[in-house]
$ cat work25.cif   # mmCIF, C-alpha atoms
data_run
loop_
_atom_site.label_atom_id
_atom_site.label_comp_id
_atom_site.auth_asym_id
_atom_site.auth_seq_id
_atom_site.Cartn_x
_atom_site.Cartn_y
_atom_site.Cartn_z
CA MET J 141 17.67 16.78 33.22
CA PHE J 142 15.52 14.54 31.02
CA ASP J 143 17.81 12.95 28.48
CA VAL J 144 15.85 12.51 25.26
CA LYS J 145 18.84 11.16 23.35
CA THR J 146 19.37 8.35 25.85
CA MET J 147 15.67 7.54 25.81
CA LEU J 148 15.62 7.34 22.00
CA GLU J 149 18.74 5.19 21.95
CA ARG J 150 17.15 2.84 24.48
CA GLN J 151 13.99 2.68 22.37
CA ALA J 152 16.02 1.94 19.23
CA ARG J 153 17.83 -0.90 21.03
CA TRP J 154 14.48 -2.32 22.16
CA GLN J 155 13.10 -2.12 18.61
CA HIS J 156 16.16 -3.85 17.19
CA SER J 157 15.88 -6.61 19.80
CA ARG J 158 12.25 -7.20 18.78
CA ALA J 159 13.26 -7.40 15.12
CA LYS J 160 15.55 -10.30 16.00
CA LEU J 161 12.70 -12.44 17.32
CA SER J 162 11.57 -15.36 15.18
CA TRP J 163 8.92 -14.69 12.53
CA THR J 164 6.55 -17.01 14.38
CA GLU J 165 7.03 -15.08 17.61
CA LYS J 166 6.49 -11.74 15.87
CA LEU J 167 3.28 -13.03 14.28
CA ARG J 168 2.03 -14.13 17.71
CA MET J 169 2.71 -10.61 18.98
CA ALA J 170 0.82 -9.19 16.00
CA GLU J 171 -2.16 -11.42 16.83
CA ILE J 172 -2.19 -10.08 20.39
CA LEU J 173 -1.98 -6.50 19.09
CA ARG J 174 -4.85 -7.16 16.70
CA GLU J 175 -7.08 -8.71 19.33
CA SER J 176 -6.42 -5.78 21.66
CA ALA J 177 -7.16 -3.28 18.89
CA LEU J 178 -10.38 -5.07 17.97
CA ALA J 179 -11.47 -5.18 21.61
CA MET J 180 -10.82 -1.46 22.04
CA GLY J 181 -12.40 -0.44 18.77
CA SER J 182 -15.46 -2.65 18.90
CA SER J 183 -17.76 0.31 18.31
CA ARG J 184 -16.65 1.58 14.91
CA GLY J 185 -13.58 1.98 12.81
CA ILE J 186 -11.37 -0.97 13.61
CA SER J 187 -14.07 -3.61 13.14
CA ASP J 188 -14.94 -1.92 9.87
CA LEU J 189 -11.32 -2.25 8.84
CA ARG J 190 -11.42 -5.93 9.61
CA THR J 191 -14.32 -6.57 7.31
CA GLY J 192 -16.50 -4.34 5.25
CA GLN J 193 -19.10 -7.11 5.44
CA GLU J 194 -19.80 -6.30 9.09
CA THR J 195 -20.78 -2.79 8.06
CA ALA J 196 -22.95 -4.09 5.24
CA ASN J 197 -24.68 -6.53 7.60
CA ARG J 198 -25.38 -3.79 10.12
CA ARG J 199 -26.89 -1.63 7.37
CA GLU J 200 -29.09 -4.49 6.20
CA ASP J 201 -30.22 -5.18 9.78
CA ALA J 202 -31.07 -1.52 10.26
CA GLU J 203 -33.03 -1.39 7.01
CA LEU J 204 -35.01 -4.51 7.93
CA LYS J 205 -35.99 -2.95 11.26
CA MET L 60 -0.94 -18.71 11.35
CA LYS L 61 0.04 -22.38 11.12
CA GLU L 62 -3.35 -23.11 9.53
CA VAL L 63 -2.74 -20.37 6.97
CA ALA L 64 0.64 -21.83 6.02
CA LYS L 65 -0.89 -25.30 5.66
CA LEU L 66 -3.79 -24.03 3.53
CA LEU L 67 -1.48 -22.10 1.19
CA GLU L 68 0.78 -25.08 0.60
CA ASP L 69 -2.27 -27.28 -0.02
CA LEU L 70 -3.73 -24.77 -2.50
CA LYS L 71 -0.50 -24.94 -4.45
CA ALA L 72 -0.07 -28.71 -4.19
CA SER L 73 -3.63 -29.29 -5.42
CA GLY L 74 -3.08 -27.06 -8.47
CA VAL L 75 -5.79 -24.55 -7.56
CA ILE L 76 -3.09 -21.90 -7.78
CA ARG L 77 0.26 -22.02 -9.53
CA ASP L 78 2.12 -20.28 -6.73
CA TYR L 79 1.66 -17.82 -3.89
CA ALA L 80 3.63 -15.63 -1.54
CA LEU L 81 2.72 -13.86 1.66
CA PHE L 82 3.20 -10.11 1.41
CA GLY L 83 2.03 -6.97 3.24
CA ALA L 84 2.51 -6.63 6.99
CA VAL L 85 2.80 -10.38 7.63
CA ALA L 86 5.72 -10.56 5.20
CA GLN L 87 7.21 -7.37 6.60
CA MET L 88 7.40 -8.93 10.05
CA ARG L 89 9.83 -11.52 8.75
CA TYR L 90 12.33 -8.69 8.33
CA THR L 91 11.41 -6.00 10.86
CA GLU L 92 9.98 -5.66 14.33
CA PRO L 93 6.32 -6.72 14.78
CA VAL L 94 3.66 -4.38 13.37
CA ALA L 95 -0.08 -4.20 13.86
CA THR L 96 -2.20 -5.75 11.14
CA LEU L 97 -5.75 -6.99 10.84
CA ASP L 98 -5.26 -9.58 8.13
CA ALA L 99 -2.81 -11.59 6.07
CA ASP L 100 -2.34 -10.65 2.42
CA VAL L 101 -1.39 -13.33 -0.08
CA LEU L 102 -0.31 -12.71 -3.67
CA VAL L 103 -1.42 -15.59 -5.88
CA LEU L 104 -0.40 -16.69 -9.36
CA LEU L 105 -3.60 -18.20 -10.68
CA SER L 106 -3.94 -21.26 -12.86
CA LYS L 107 -4.32 -20.38 -16.52
CA ASP L 108 -7.76 -21.92 -16.97
CA THR L 109 -9.41 -19.63 -14.43
CA GLY L 110 -12.81 -18.35 -15.51
CA LEU L 111 -14.34 -14.93 -15.14
CA ASP L 112 -14.65 -15.19 -11.36
CA ILE L 113 -10.94 -15.52 -10.91
CA LEU L 114 -10.93 -16.20 -7.18
CA ALA L 115 -13.82 -18.71 -7.24
CA PRO L 116 -11.59 -21.84 -7.27
CA ILE L 117 -9.75 -20.57 -4.18
CA TYR L 118 -12.98 -19.75 -2.36
CA ASP L 119 -14.43 -23.17 -3.29
CA PHE L 120 -11.34 -24.95 -2.01
CA CYS L 121 -11.42 -23.00 1.23
CA ARG L 122 -15.15 -23.56 1.75
CA LYS L 123 -14.66 -27.31 1.40
CA ARG L 124 -12.01 -27.07 4.10
CA GLY L 125 -14.45 -25.26 6.38
CA HIS L 126 -13.03 -21.76 6.00
CA VAL L 127 -15.74 -19.16 5.60
CA ALA L 128 -15.64 -15.88 3.73
CA GLU L 129 -15.64 -12.78 5.91
CA GLY L 130 -16.02 -9.66 3.81
CA GLU L 131 -13.16 -9.56 1.32
CA ALA L 132 -11.22 -12.17 3.27
CA ILE L 133 -11.46 -15.82 4.20
CA LEU L 134 -11.20 -16.63 7.87
CA VAL L 135 -8.46 -19.23 8.40
CA GLY L 136 -8.01 -20.01 12.08
CA ASN L 137 -8.08 -16.55 13.61
CA TRP L 138 -6.54 -14.80 10.60
CA PRO L 139 -8.62 -13.14 7.88
CA VAL L 140 -6.71 -13.97 4.69
CA LYS L 141 -6.97 -11.81 1.57
CA PHE L 142 -6.05 -13.42 -1.74
CA ILE L 143 -4.80 -10.91 -4.28
CA PRO L 144 -4.05 -12.06 -7.83
CA THR L 145 -0.74 -10.77 -9.18
CA PHE L 146 -1.47 -7.50 -10.92
CA SER L 147 1.78 -6.45 -12.59
CA PRO L 148 5.10 -7.83 -13.85
CA LEU L 149 6.57 -6.69 -10.53
CA THR L 150 4.13 -8.72 -8.41
CA GLU L 151 4.52 -11.74 -10.72
CA GLU L 152 8.27 -11.58 -10.31
CA ALA L 153 7.83 -11.18 -6.54
CA VAL L 154 5.90 -14.47 -6.37
CA ARG L 155 8.25 -16.33 -8.72
CA GLU L 156 11.31 -15.21 -6.76
CA ALA L 157 9.72 -15.59 -3.32
CA GLU L 158 11.69 -17.17 -0.52
CA THR L 159 10.64 -20.06 1.65
CA GLY L 160 10.24 -19.11 5.28
CA GLU L 161 8.97 -21.09 8.21
CA ILE L 162 6.01 -20.47 10.48
CA GLU L 163 5.57 -22.75 13.46
CA GLY L 164 7.69 -25.35 11.73
CA LEU L 165 5.80 -25.27 8.43
CA PRO L 166 7.29 -23.97 5.17
CA VAL L 167 5.57 -20.98 3.63
CA ARG L 168 6.40 -18.78 0.65
CA VAL L 169 7.06 -15.12 1.38
CA ILE L 170 8.18 -12.33 -0.90
CA SER L 171 11.70 -10.98 -0.50
CA ALA L 172 12.33 -7.79 1.41
CA GLY L 173 13.41 -6.06 -1.82
CA HIS L 174 10.23 -6.93 -3.68
CA LEU L 175 8.15 -5.97 -0.65
CA ALA L 176 9.81 -2.56 -0.57
CA VAL L 177 9.46 -1.93 -4.31
CA ILE L 178 5.81 -3.01 -4.36
CA ALA L 179 5.29 -0.55 -1.50
CA LEU L 180 7.07 2.08 -3.60
CA SER L 181 4.74 1.38 -6.52
CA VAL L 182 1.64 1.78 -4.33
CA GLY L 183 2.99 4.91 -2.67
CA ARG L 184 0.66 5.54 0.28
CA PRO L 185 2.15 6.98 3.50
CA LYS L 186 1.95 3.56 5.16
CA ASP L 187 3.84 2.06 2.21
CA HIS L 188 6.59 4.63 2.63
CA LEU L 189 6.78 3.70 6.31
CA ARG L 190 7.18 0.06 5.29
CA ILE L 191 10.16 0.90 3.05
CA LEU L 192 11.76 2.92 5.84
CA ALA L 193 11.21 0.06 8.32
CA LEU L 194 12.89 -2.39 5.94
CA ILE L 195 15.84 -0.05 5.43
CA GLU L 196 16.10 0.60 9.16
CA ALA L 197 16.12 -3.15 9.85
CA GLY L 198 18.93 -3.64 7.34
CA ALA L 199 16.74 -5.98 5.30
CA VAL L 200 17.19 -3.90 2.14
CA HIS L 201 19.77 -1.45 0.91
CA GLU L 202 19.23 1.71 -1.06
CA GLU L 203 21.37 0.73 -4.04
CA GLY L 204 19.55 -2.59 -4.44
CA LEU L 205 16.17 -0.92 -4.22
CA LYS L 206 17.19 1.70 -6.76
CA LYS L 207 18.17 -1.02 -9.25
CA LEU L 208 15.02 -3.09 -8.68
CA ALA L 209 12.87 0.03 -8.96
CA ALA L 210 14.59 0.98 -12.23
CA ARG L 211 13.99 -2.49 -13.66
CA HIS L 212 10.26 -1.99 -13.05
CA LYS L 213 10.10 1.58 -14.36
CA LEU L 214 9.82 3.11 -10.91
CA THR L 215 12.89 5.33 -11.10
CA ALA L 216 10.86 8.54 -10.72
CA GLN L 217 9.02 7.19 -7.66
CA TRP L 218 12.31 6.11 -6.10
CA ALA L 219 13.83 9.55 -6.72
CA VAL L 220 10.88 11.22 -4.99
CA PHE L 221 11.07 8.80 -2.07
CA GLN L 222 14.81 9.29 -1.74
CA ARG L 223 14.48 13.07 -1.80
CA ARG L 224 11.66 13.11 0.78
CA PHE L 225 12.84 10.50 3.23
CA ILE L 226 16.52 9.69 2.81
CA ASP L 227 18.35 12.79 1.58
CA VAL L 228 16.99 15.01 4.34
#
$ encode --input "work25.cif" --output "structure tokens"
Amino acid sequence: MFDVKTMLERQARWQHSRAKLSWTEKLRMAEILRESALAMGSSRGISDLRTGQETANRREDAELK
Amino acid sequence: MKEVAKLLEDLKASGVIRDYALFGAVAQMRYTEPVATLDADVLVLLSKDTGLDILAPIYDFCRKRGHVAEGEAILVGNWPVKFIPTFSPLTEEAVREAETGEIEGLPVRVISAGHLAVIALSVGRPKDHLRILALIEAGAVHEEGLKKLAARHKLTAQWAVFQRRFIDV
């Protein structure tokens, strides 16, 4: 039988182990997460989160055309 | 992030700002597991002689160092950095009582876990509540300490709501 409790306990242990990493290491991981998110969301949404300016530039480009 | 740490220390040393402290998700990661974020937020105590465009001296300093503005942020290395002037007695205290951490061997000011949690409480969005829970879960803050800090900044009602919704369940 699938043991949800064991799975959650394992996940909690993994999360705690990641919290013990150095701040520098955690920031490196965050950079990788961000780059992945930006690559996946290159159409809309995530890039707009990164900078509202990108949206404004696209609007200006569209208006000029 | 090393470039960000260097820039922030240089901004302070040159007197462009009186003090600063990293906050938001970048600060949170000092205390919890890594979280996704798109930028680095920095609380700044500005110099008293700042004009109407309060962030102009910071932007000028950064431009001279080759860092360009990107929307509301300034791109430093591969991190968009958002400078946010202190906006309340709580955020001023958070900067004044910030700790000194270390990123890639460089010292950098970062707000304490307690101040981070209580600022999140004052903002009160769902993602802020998640931040408080993550800090509690990591053992970086304790409920009694948060309750006292919240009370000192007139956030007792917000703390009571948070406690009822997320802790006493």
$ residues_around --input "work25.cif" --residues "J:Ala152" --least-positions-apart "5" --cutoff "12 Å" --atoms "all atoms listed in the file" --output "short mmCIF file (atom, residue, chain, number, x, y, z; two decimals) with C-alpha atoms, keeping the file's coordinate frame"
data_model
loop_
_atom_site.label_atom_id
_atom_site.label_comp_id
_atom_site.auth_asym_id
_atom_site.auth_seq_id
_atom_site.Cartn_x
_atom_site.Cartn_y
_atom_site.Cartn_z
CA LYS J 145 18.84 11.16 23.35
CA THR J 146 19.37 8.35 25.85
CA MET J 147 15.67 7.54 25.81
CA SER J 157 15.88 -6.61 19.80
CA ARG J 158 12.25 -7.20 18.78
CA ALA J 159 13.26 -7.40 15.12
CA GLU L 92 9.98 -5.66 14.33
CA GLU L 196 16.10 0.60 9.16
CA ALA L 197 16.12 -3.15 9.85
#
$ resolve_selection --input "work25.cif" --expression "the PyMOL selection byres ((chain L and resi 90) around 8)" --output "PyMOL selection string"
(chain J and resi 159) or (chain L and resi 86-89+91-92+172+194+197+199)
$ interface_residues --input "work25.cif" --of "chain L" --to "chain J" --cutoff "8 Å" --atoms "all atoms listed in the file" --output "PyMOL selection string"
chain L and resi 60+85+88-98+129-132+139+161-163+197
$ atom_distance --input "work25.cif" --atom1 "atom CA of L:Phe221" --atom2 "atom CA of L:Gly204"
14.4 Å
$ atom_distance --input "work25.cif" --atom1 "atom CA of L:Val140" --atom2 "atom CA of L:Ile170"
16.0 Å
$ residues_around --input "work25.cif" --residues "L:Leu180" --least-positions-apart "4" --cutoff "8 Å" --atoms "all atoms listed in the file" --output "ChimeraX atom specification"
/L:176,187-188,191,214,217-218,221
$ atom_distance --input "work25.cif" --atom1 "atom CA of L:Phe225" --atom2 "atom CA of L:Val182"
16.1 Å
$ resolve_selection --input "work25.cif" --expression "the PyMOL selection byres ((chain L and resi 174) around 12)" --output "PDB file with C-alpha atoms, in the frame of the given file"
ATOM      1  CA  ALA L  80       3.630 -15.630  -1.540  1.00  0.00           C
ATOM      2  CA  LEU L  81       2.720 -13.860   1.660  1.00  0.00           C
ATOM      3  CA  PHE L  82       3.200 -10.110   1.410  1.00  0.00           C
ATOM      4  CA  GLY L  83       2.030  -6.970   3.240  1.00  0.00           C
ATOM      5  CA  ALA L  86       5.720 -10.560   5.200  1.00  0.00           C
ATOM      6  CA  GLN L  87       7.210  -7.370   6.600  1.00  0.00           C
ATOM      7  CA  PRO L 148       5.100  -7.830 -13.850  1.00  0.00           C
ATOM      8  CA  LEU L 149       6.570  -6.690 -10.530  1.00  0.00           C
ATOM      9  CA  THR L 150       4.130  -8.720  -8.410  1.00  0.00           C
ATOM     10  CA  GLU L 151       4.520 -11.740 -10.720  1.00  0.00           C
ATOM     11  CA  GLU L 152       8.270 -11.580 -10.310  1.00  0.00           C
ATOM     12  CA  ALA L 153       7.830 -11.180  -6.540  1.00  0.00           C
ATOM     13  CA  VAL L 154       5.900 -14.470  -6.370  1.00  0.00           C
ATOM     14  CA  ARG L 155       8.250 -16.330  -8.720  1.00  0.00           C
ATOM     15  CA  GLU L 156      11.310 -15.210  -6.760  1.00  0.00           C
ATOM     16  CA  ALA L 157       9.720 -15.590  -3.320  1.00  0.00           C
ATOM     17  CA  GLU L 158      11.690 -17.170  -0.520  1.00  0.00           C
ATOM     18  CA  VAL L 169       7.060 -15.120   1.380  1.00  0.00           C
ATOM     19  CA  ILE L 170       8.180 -12.330  -0.900  1.00  0.00           C
ATOM     20  CA  SER L 171      11.700 -10.980  -0.500  1.00  0.00           C
ATOM     21  CA  ALA L 172      12.330  -7.790   1.410  1.00  0.00           C
ATOM     22  CA  GLY L 173      13.410  -6.060  -1.820  1.00  0.00           C
ATOM     23  CA  LEU L 175       8.150  -5.970  -0.650  1.00  0.00           C
ATOM     24  CA  ALA L 176       9.810  -2.560  -0.570  1.00  0.00           C
ATOM     25  CA  VAL L 177       9.460  -1.930  -4.310  1.00  0.00           C
ATOM     26  CA  ILE L 178       5.810  -3.010  -4.360  1.00  0.00           C
ATOM     27  CA  ALA L 179       5.290  -0.550  -1.500  1.00  0.00           C
ATOM     28  CA  LEU L 180       7.070   2.080  -3.600  1.00  0.00           C
ATOM     29  CA  SER L 181       4.740   1.380  -6.520  1.00  0.00           C
ATOM     30  CA  ARG L 190       7.180   0.060   5.290  1.00  0.00           C
ATOM     31  CA  ILE L 191      10.160   0.900   3.050  1.00  0.00           C
ATOM     32  CA  LEU L 194      12.890  -2.390   5.940  1.00  0.00           C
ATOM     33  CA  ALA L 199      16.740  -5.980   5.300  1.00  0.00           C
ATOM     34  CA  VAL L 200      17.190  -3.900   2.140  1.00  0.00           C
ATOM     35  CA  HIS L 201      19.770  -1.450   0.910  1.00  0.00           C
ATOM     36  CA  GLY L 204      19.550  -2.590  -4.440  1.00  0.00           C
ATOM     37  CA  LEU L 205      16.170  -0.920  -4.220  1.00  0.00           C
ATOM     38  CA  LYS L 206      17.190   1.700  -6.760  1.00  0.00           C
ATOM     39  CA  LYS L 207      18.170  -1.020  -9.250  1.00  0.00           C
ATOM     40  CA  LEU L 208      15.020  -3.090  -8.680  1.00  0.00           C
ATOM     41  CA  ALA L 209      12.870   0.030  -8.960  1.00  0.00           C
ATOM     42  CA  ARG L 211      13.990  -2.490 -13.660  1.00  0.00           C
ATOM     43  CA  HIS L 212      10.260  -1.990 -13.050  1.00  0.00           C
TER      44      HIS L 212
END
$ residues_around --input "work25.cif" --residues "L:Leu66" --least-positions-apart "5" --cutoff "10 Å" --atoms "only C-alpha atoms" --output "PyMOL selection string"
chain L and resi 60-61+71-72+120-121+124+126+135+167
$ build_atoms --input "work25.cif" --residues "stretch 148-180 of chain L" --atoms "N, CA and C atoms" --output "short mmCIF file (atom, residue, chain, number, x, y, z; two decimals), in the frame of the given file"
data_model
loop_
_atom_site.label_atom_id
_atom_site.label_comp_id
_atom_site.auth_asym_id
_atom_site.auth_seq_id
_atom_site.Cartn_x
_atom_site.Cartn_y
_atom_site.Cartn_z
N PRO L 148 3.86 -7.04 -13.71
CA PRO L 148 5.10 -7.83 -13.85
C PRO L 148 5.89 -7.85 -12.54
N LEU L 149 5.85 -6.75 -11.80
CA LEU L 149 6.57 -6.69 -10.53
C LEU L 149 6.02 -7.71 -9.52
N THR L 150 4.71 -7.78 -9.39
CA THR L 150 4.13 -8.72 -8.41
C THR L 150 4.30 -10.17 -8.88
N GLU L 151 4.27 -10.38 -10.21
CA GLU L 151 4.52 -11.74 -10.72
C GLU L 151 5.94 -12.18 -10.39
N GLU L 152 6.87 -11.27 -10.62
CA GLU L 152 8.27 -11.58 -10.31
C GLU L 152 8.45 -11.83 -8.81
N ALA L 153 7.73 -11.03 -8.00
CA ALA L 153 7.83 -11.18 -6.54
C ALA L 153 7.40 -12.59 -6.10
N VAL L 154 6.36 -13.12 -6.73
CA VAL L 154 5.90 -14.47 -6.37
C VAL L 154 6.88 -15.51 -6.89
N ARG L 155 7.32 -15.34 -8.14
CA ARG L 155 8.25 -16.33 -8.72
C ARG L 155 9.57 -16.40 -7.95
N GLU L 156 10.01 -15.24 -7.45
CA GLU L 156 11.31 -15.21 -6.76
C GLU L 156 11.15 -15.19 -5.24
N ALA L 157 9.97 -15.60 -4.77
CA ALA L 157 9.72 -15.59 -3.32
C ALA L 157 10.65 -16.56 -2.62
N GLU L 158 10.85 -16.29 -1.34
CA GLU L 158 11.69 -17.17 -0.52
C GLU L 158 10.79 -18.13 0.26
N THR L 159 11.41 -19.15 0.80
CA THR L 159 10.64 -20.06 1.65
C THR L 159 11.01 -19.79 3.10
N GLY L 160 10.03 -19.34 3.86
CA GLY L 160 10.24 -19.11 5.28
C GLY L 160 9.62 -20.24 6.08
N GLU L 161 9.53 -20.04 7.36
CA GLU L 161 8.97 -21.09 8.21
C GLU L 161 8.12 -20.44 9.30
N ILE L 162 6.89 -20.93 9.41
CA ILE L 162 6.01 -20.47 10.48
C ILE L 162 5.59 -21.68 11.29
N GLU L 163 5.90 -21.64 12.56
CA GLU L 163 5.57 -22.75 13.46
C GLU L 163 5.99 -24.10 12.86
N GLY L 164 7.14 -24.11 12.25
CA GLY L 164 7.69 -25.35 11.73
C GLY L 164 7.21 -25.73 10.34
N LEU L 165 6.31 -24.95 9.77
CA LEU L 165 5.80 -25.27 8.43
C LEU L 165 6.42 -24.33 7.39
N PRO L 166 6.75 -24.85 6.21
CA PRO L 166 7.29 -23.97 5.17
C PRO L 166 6.19 -23.09 4.58
N VAL L 167 6.55 -21.88 4.25
CA VAL L 167 5.57 -20.98 3.63
C VAL L 167 6.33 -20.00 2.75
N ARG L 168 5.76 -19.70 1.58
CA ARG L 168 6.40 -18.78 0.65
C ARG L 168 6.14 -17.33 1.08
N VAL L 169 7.18 -16.53 0.97
CA VAL L 169 7.06 -15.12 1.38
C VAL L 169 7.92 -14.28 0.44
N ILE L 170 7.42 -13.12 0.06
CA ILE L 170 8.18 -12.33 -0.90
C ILE L 170 9.43 -11.75 -0.23
N SER L 171 10.43 -11.49 -1.03
CA SER L 171 11.70 -10.98 -0.50
C SER L 171 11.49 -9.55 0.01
N ALA L 172 12.41 -9.14 0.86
CA ALA L 172 12.33 -7.79 1.41
C ALA L 172 12.42 -6.75 0.29
N GLY L 173 13.25 -7.01 -0.71
CA GLY L 173 13.41 -6.06 -1.82
C GLY L 173 12.12 -5.90 -2.60
N HIS L 174 11.49 -7.02 -2.94
CA HIS L 174 10.23 -6.93 -3.68
C HIS L 174 9.14 -6.27 -2.82
N LEU L 175 9.14 -6.58 -1.54
CA LEU L 175 8.15 -5.97 -0.65
C LEU L 175 8.31 -4.45 -0.66
N ALA L 176 9.55 -4.00 -0.59
CA ALA L 176 9.81 -2.56 -0.57
C ALA L 176 9.42 -1.90 -1.90
N VAL L 177 9.74 -2.56 -3.02
CA VAL L 177 9.46 -1.93 -4.31
C VAL L 177 7.96 -1.98 -4.65
N ILE L 178 7.27 -3.02 -4.20
CA ILE L 178 5.81 -3.01 -4.36
C ILE L 178 5.23 -1.86 -3.54
N ALA L 179 5.75 -1.68 -2.33
CA ALA L 179 5.29 -0.55 -1.50
C ALA L 179 5.56 0.77 -2.22
N LEU L 180 6.72 0.87 -2.85
CA LEU L 180 7.07 2.08 -3.60
C LEU L 180 6.06 2.32 -4.73
#
